[in-house]
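This report concerns only the one structure given below.
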Number of protein chains: 2
Amino acid sequence: MRTDSRLPRVLHVLLHLDQLDEPVTSERIGEMLNTNPSLVRRTMAGLREAGFVRATKGHGGGWILLRKLTEITLADVYSALGSPELFAVGRSGDAPHCLLERSANQATSAALEAARATFRAELERTTVADLVAPHAEVIREHQKKITGGKRRENAG
Amino acid sequence: MRTDSRLPRVLHVLLHLDQLDEPVTSERIGEMLNTNPSLVRRTMAGLREAGFVRATKGHGGGWILLRKLTEITLADVYSALGSPELFAVGRSGDAPHCLLERSANQATSAALEAARATFRAELERTTVADLVAPHAEVIREHQKKITGGKRRENAG
DNA sequence: CGTTATGTGACTTTTTAAGTTACGTAATTG
DNA sequence: CAATTACGTAACTTAAAAAGTCACATAACG
């Protein structure tokens, strides 16, 4: 399969939504992600169902954040995407008859599950707000330029 | 892409090779793996180049183990396969211009790299011989039946 | 020499995310 | 109300990589 890039993509979107007070259309998000609105809507659907964002229709509609980024972990986001398959490597078959094949599968699974646990732990201990913490200053500068005089409250 | 099952497959093969004193043809290995000889040869090529096995041509030819399974770690095997891409999940692009996208990518990469390190560590601390340690007794019994009275071949 | 078996290149199949198209539904504006 | 905007979603196409297949050259053995 092609590499699944939904996680970094929606993280990217959440960070942008946090910077903009008005609803952002799928069209504009599509430009940010270099893709089209329909795919954006499909990808964001999980986040909507999870209650992290809301999408409104009609004029002035689009996507808005419902929760602070400090209250959303990467694990939450990953789950909202349906917990996509993490690995490109896997077992050789389901419940094979051969004992040796089962041993080979078990060993492979053990290593993969250990890796998955590390991945989950890493996602769980990181909030979306944490992503930009290292760049907080740069981003704040950048945001000033964008929003000009308008006042804005930053989550995180 | 389809799930990469080369690691468990070659582990399975190594375990079988360890049980059989004579060279095993790609044809027979193909039966064990439910695939065809050509794919077996391609998959095993890395193990040959790494010096773990040798393939001999002609009558009575086939694959034999060159090293003890206690001396081969799963990490060795994985490397011999060319260290296939572990993850189905990945970043969203290469060196994106947008700062927020980069942050999203970095966070994703951080979690993936942590998971990869765990995977590697797990592979490194396991030898191929370890895989069957839990089943040593059962396998020893099984092997007796196979090599016992009749000279007979093991399926799958 | 004939048979067996590997080594390898070229091609097809399979699988799944990504991408695309189309259209229904809902909300806002005039 | 009508037009426009924007989401929601179904259906389809594209892309990429492992798996699978086929063909054939090469080498070893008897």
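By order of appearance in the structure tokens: chains A, B, ..., then residues from 1 within every chain, and ligands from 1 in the order shown.
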Test item: chain A residues at most 12 Å from chain C, counting only C-alpha atoms (C1' of nucleotides), as a list in words: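 Taking only C-alpha atoms (C1' of nucleotides) into account, Met1, Arg2, Thr3, Asp4, Ser5, Arg6, Gly30, Asn34, Thr35, Asn36, Pro37, Ser38, Leu39, Val40, Arg42, Thr43, Ala55, Thr56, Lys57, Gly58, His59, Gly60, Gly61, Gly62, Pro84, Glu85 and Ala88 of chain A sit within 12 Å of chain C.
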Let me see the file: selected residues, C-alpha atoms, as an mmCIF file, in the first residue's frame.
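The resulting file, out.cif, is shown below:
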```cif
data_model
loop_
_atom_site.group_PDB
_atom_site.id
_atom_site.type_symbol
_atom_site.label_atom_id
_atom_site.label_comp_id
_atom_site.auth_asym_id
_atom_site.auth_seq_id
_atom_site.Cartn_x
_atom_site.Cartn_y
_atom_site.Cartn_z
ATOM 1 C CA MET A 1 0.000 0.000 0.000
ATOM 2 C CA ARG A 2 1.023 3.560 -0.208
ATOM 3 C CA THR A 3 2.276 5.111 2.995
ATOM 4 C CA ASP A 4 -0.589 6.279 5.156
ATOM 5 C CA SER A 5 -0.024 9.953 5.889
ATOM 6 C CA ARG A 6 -3.337 10.767 7.514
ATOM 7 C CA GLY A 30 -6.986 21.072 0.601
ATOM 8 C CA ASN A 34 -1.931 19.772 -1.573
ATOM 9 C CA THR A 35 -4.991 17.693 -2.123
ATOM 10 C CA ASN A 36 -8.672 18.175 -2.869
ATOM 11 C CA PRO A 37 -11.630 19.105 -0.664
ATOM 12 C CA SER A 38 -13.365 15.784 -0.917
ATOM 13 C CA LEU A 39 -10.405 13.917 0.495
ATOM 14 C CA VAL A 40 -10.130 16.481 3.253
ATOM 15 C CA ARG A 42 -13.259 12.192 4.294
ATOM 16 C CA THR A 43 -10.089 12.393 6.314
ATOM 17 C CA ALA A 55 -17.966 21.361 10.236
ATOM 18 C CA THR A 56 -20.634 23.836 9.296
ATOM 19 C CA LYS A 57 -22.304 24.177 5.924
ATOM 20 C CA GLY A 58 -23.203 27.128 3.823
ATOM 21 C CA HIS A 59 -21.717 30.585 3.528
ATOM 22 C CA GLY A 60 -18.964 31.196 5.978
ATOM 23 C CA GLY A 61 -18.952 27.534 6.823
ATOM 24 C CA GLY A 62 -16.013 25.219 7.251
ATOM 25 C CA PRO A 84 -4.897 2.745 10.908
ATOM 26 C CA GLU A 85 -2.648 -0.242 10.502
ATOM 27 C CA ALA A 88 3.975 -2.647 6.574
#
```
DSSP alpha helix (DSSP H) residues within range 26-128 of chain B, listed as a PyMOL selection string: chain B and resi 26-33+37-49+74-80+99-124
Could you superpose chain B on chain A by least squares over every Cα, matched in sequence order, and send it back as a short mmCIF file (atom, residue, chain, number, x, y, z; two decimals) with C-alpha atoms, in the first residue's frame?
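Writing done, so here's part-v3.cif:
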```cif
data_model
loop_
_atom_site.label_atom_id
_atom_site.label_comp_id
_atom_site.auth_asym_id
_atom_site.auth_seq_id
_atom_site.Cartn_x
_atom_site.Cartn_y
_atom_site.Cartn_z
CA MET B 1 0.19 0.73 -0.10
CA ARG B 2 1.28 4.28 0.04
CA THR B 3 2.45 5.59 3.41
CA ASP B 4 -0.45 6.64 5.59
CA SER B 5 0.09 10.28 6.53
CA ARG B 6 -3.26 10.97 8.12
CA LEU B 7 -1.93 11.26 11.65
CA PRO B 8 0.56 14.07 11.01
CA ARG B 9 -1.94 15.71 8.70
CA VAL B 10 -4.75 15.99 11.17
CA LEU B 11 -2.32 17.04 13.90
CA HIS B 12 -1.21 19.80 11.58
CA VAL B 13 -4.83 20.79 11.07
CA LEU B 14 -5.61 20.79 14.79
CA LEU B 15 -2.67 23.08 15.44
CA HIS B 16 -3.95 25.51 12.83
CA LEU B 17 -7.52 25.37 14.11
CA ASP B 18 -6.22 26.29 17.51
CA GLN B 19 -4.69 29.43 16.09
CA LEU B 20 -7.73 30.65 14.24
CA ASP B 21 -10.90 31.80 15.90
CA GLU B 22 -13.16 31.56 12.91
CA PRO B 23 -14.29 28.36 11.25
CA VAL B 24 -11.83 27.13 8.64
CA THR B 25 -13.23 25.66 5.46
CA SER B 26 -12.11 22.33 4.02
CA GLU B 27 -10.99 24.35 1.03
CA ARG B 28 -8.50 26.31 3.09
CA ILE B 29 -7.38 23.26 5.02
CA GLY B 30 -6.85 21.59 1.68
CA GLU B 31 -4.45 24.38 0.76
CA MET B 32 -2.55 23.86 4.00
CA LEU B 33 -2.24 20.15 3.32
CA ASN B 34 -1.72 20.45 -0.41
CA THR B 35 -4.75 18.39 -1.14
CA ASN B 36 -8.40 18.87 -1.95
CA PRO B 37 -11.43 19.65 0.20
CA SER B 38 -13.12 16.33 -0.32
CA LEU B 39 -10.20 14.41 1.09
CA VAL B 40 -10.01 16.84 4.00
CA ARG B 41 -13.64 16.20 4.86
CA ARG B 42 -13.15 12.46 4.72
CA THR B 43 -10.01 12.58 6.82
CA MET B 44 -11.55 14.91 9.39
CA ALA B 45 -14.72 12.86 9.69
CA GLY B 46 -13.26 10.71 12.44
CA LEU B 47 -12.27 13.73 14.49
CA ARG B 48 -15.78 15.08 14.15
CA GLU B 49 -17.32 11.81 15.29
CA ALA B 50 -14.94 11.76 18.23
CA GLY B 51 -16.14 15.19 19.24
CA PHE B 52 -12.83 16.99 18.86
CA VAL B 53 -14.06 19.31 16.12
CA ARG B 54 -17.31 20.43 14.60
CA ALA B 55 -18.07 21.25 11.00
CA THR B 56 -20.77 23.76 10.15
CA LYS B 57 -22.34 24.25 6.76
CA GLY B 58 -23.23 27.31 4.82
CA HIS B 59 -21.85 30.81 4.79
CA GLY B 60 -19.08 31.30 7.31
CA GLY B 61 -19.04 27.59 7.92
CA GLY B 62 -16.08 25.30 8.31
CA TRP B 63 -14.19 23.46 10.99
CA ILE B 64 -13.71 24.59 14.57
CA LEU B 65 -12.05 23.07 17.62
CA LEU B 66 -14.40 21.87 20.35
CA ARG B 67 -11.79 20.93 22.90
CA LYS B 68 -8.51 22.33 24.12
CA LEU B 69 -5.41 20.82 22.64
CA THR B 70 -4.16 20.14 26.15
CA GLU B 71 -7.07 17.73 26.50
CA ILE B 72 -6.43 15.74 23.36
CA THR B 73 -3.67 13.15 23.27
CA LEU B 74 -2.10 11.87 20.10
CA ALA B 75 -3.59 8.52 21.01
CA ASP B 76 -7.04 10.10 20.96
CA VAL B 77 -6.35 11.42 17.50
CA TYR B 78 -4.99 8.13 16.27
CA SER B 79 -8.06 6.32 17.57
CA ALA B 80 -10.33 8.90 15.98
CA LEU B 81 -8.70 8.08 12.65
CA GLY B 82 -9.72 4.49 13.16
CA SER B 83 -6.34 3.31 14.50
CA PRO B 84 -4.83 2.75 11.07
CA GLU B 85 -2.54 -0.18 10.57
CA LEU B 86 0.83 0.85 11.94
CA PHE B 87 3.12 -1.62 10.22
CA ALA B 88 4.23 -2.32 6.71
CA VAL B 89 5.75 -5.55 7.99
CA GLY B 90 3.58 -8.42 9.07
CA ARG B 91 3.06 -12.12 9.39
CA SER B 92 3.14 -14.60 6.58
CA GLY B 93 -0.33 -16.10 6.88
CA ASP B 94 -3.23 -16.77 9.15
CA ALA B 95 -2.89 -19.73 11.47
CA PRO B 96 -0.55 -21.74 9.25
CA HIS B 97 -0.42 -25.46 9.65
CA CYS B 98 3.36 -25.69 9.78
CA LEU B 99 4.72 -25.45 13.29
CA LEU B 100 7.89 -23.72 12.18
CA GLU B 101 5.93 -21.14 10.24
CA ARG B 102 3.85 -20.48 13.30
CA SER B 103 6.99 -19.97 15.36
CA ALA B 104 8.28 -17.51 12.77
CA ASN B 105 5.00 -15.65 12.84
CA GLN B 106 4.89 -15.57 16.60
CA ALA B 107 8.36 -14.12 16.85
CA THR B 108 7.56 -11.50 14.26
CA SER B 109 4.32 -10.64 15.99
CA ALA B 110 6.04 -10.40 19.36
CA ALA B 111 8.50 -7.81 18.06
CA LEU B 112 5.74 -5.91 16.30
CA GLU B 113 3.47 -5.90 19.32
CA ALA B 114 6.28 -4.64 21.52
CA ALA B 115 6.84 -1.85 19.02
CA ARG B 116 3.13 -1.10 18.89
CA ALA B 117 2.99 -0.81 22.67
CA THR B 118 5.83 1.69 22.61
CA PHE B 119 4.09 3.65 19.88
CA ARG B 120 0.82 3.73 21.82
CA ALA B 121 2.57 4.75 25.03
CA GLU B 122 4.32 7.55 23.20
CA LEU B 123 1.03 8.75 21.71
CA GLU B 124 -0.72 8.53 25.03
CA ARG B 125 1.71 10.60 26.94
CA THR B 126 1.71 13.41 24.39
CA THR B 127 -1.06 15.95 24.00
CA VAL B 128 -1.51 17.87 20.80
CA ALA B 129 -0.62 21.01 22.73
CA ASP B 130 2.75 19.49 23.56
CA LEU B 131 3.75 19.47 19.93
CA VAL B 132 4.28 23.18 19.75
CA ALA B 133 5.60 23.68 23.27
CA PRO B 134 9.20 23.72 22.04
CA HIS B 135 8.32 26.39 19.50
CA ALA B 136 5.88 28.34 21.61
CA GLU B 137 7.77 31.56 21.37
CA VAL B 138 8.36 31.46 17.66
CA ILE B 139 4.76 30.58 17.00
CA ARG B 140 3.48 33.34 19.23
CA GLU B 141 5.54 35.82 17.24
CA HIS B 142 4.30 34.40 14.00
CA GLN B 143 0.73 34.57 15.16
CA LYS B 144 1.09 38.24 16.05
CA LYS B 145 2.13 39.03 12.51
CA ILE B 146 -0.84 37.15 11.17
CA THR B 147 -3.55 38.49 13.38
CA GLY B 148 -1.83 41.83 13.85
CA GLY B 149 -2.89 44.85 11.78
CA LYS B 150 -4.75 43.39 8.88
CA ARG B 151 -7.29 40.63 9.11
CA ARG B 152 -5.41 38.17 7.13
CA GLU B 153 -5.25 34.52 6.49
CA ASN B 154 -2.52 32.08 7.19
CA ALA B 155 -1.27 29.88 4.41
CA GLY B 156 -0.12 26.41 4.98
#
```
From D:DC29, D:DA11, D:DA6, D:DA23, residue lying nearest chain A [only C-alpha atoms (C1' of nucleotides)]: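 Comparing D:DC29, D:DA11, D:DA6, D:DA23 against chain A, the winner is D:DA6.
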Taking only C-alpha atoms (C1' of nucleotides) into account, find every residue of chain D that has an atom no more than 7 Å from chain B, and write it out as a CSV table (one decimal) with N, CA and C atoms (P, O5', C5', C4', C3', O3' and C1' of nucleotides), in the first residue's frame.
```csv
chain,number,residue,atom,x,y,z
D,16,DA,P,3.5,6.4,-7.9
D,16,DA,O5',3.8,5.2,-6.9
D,16,DA,C5',3.5,5.4,-5.5
D,16,DA,C4',3.7,4.1,-4.8
D,16,DA,C3',4.9,3.3,-5.1
D,16,DA,O3',5.5,2.9,-4.0
D,16,DA,C1',3.1,2.0,-5.4
D,17,DA,P,7.1,2.4,-4.0
D,17,DA,O5',7.0,1.0,-3.3
D,17,DA,C5',6.3,0.8,-2.2
D,17,DA,C4',5.9,-0.7,-2.0
D,17,DA,C3',7.1,-1.6,-2.4
D,17,DA,O3',7.2,-2.7,-1.5
D,17,DA,C1',5.1,-2.2,-3.6
D,18,DA,P,8.4,-3.7,-1.5
D,18,DA,O5',7.7,-5.1,-1.1
D,18,DA,C5',6.7,-5.1,0.0
D,18,DA,C4',5.8,-6.2,-0.2
D,18,DA,C3',6.4,-7.6,-0.4
D,18,DA,O3',5.7,-8.5,0.4
D,18,DA,C1',5.0,-7.0,-2.3
D,27,DA,P,28.1,-20.6,-15.4
D,27,DA,O5',28.0,-21.7,-14.2
D,27,DA,C5',27.3,-21.4,-13.0
D,27,DA,C4',26.9,-22.7,-12.3
D,27,DA,C3',28.0,-23.8,-12.4
D,27,DA,O3',28.0,-24.3,-11.1
D,27,DA,C1',25.9,-24.6,-13.1
D,28,DA,P,29.4,-25.1,-10.6
D,28,DA,O5',28.8,-26.5,-10.2
D,28,DA,C5',27.8,-26.5,-9.1
D,28,DA,C4',27.0,-27.8,-9.1
D,28,DA,C3',27.9,-29.0,-9.1
D,28,DA,O3',27.4,-29.9,-8.2
D,28,DA,C1',26.4,-29.2,-10.9
D,29,DC,P,28.4,-30.9,-7.4
D,29,DC,O5',27.8,-32.3,-7.7
D,29,DC,C5',26.4,-32.5,-7.5
D,29,DC,C4',25.8,-33.5,-8.5
D,29,DC,C3',26.7,-34.8,-8.7
D,29,DC,O3',25.9,-35.8,-8.1
D,29,DC,C1',25.8,-33.9,-10.7
```
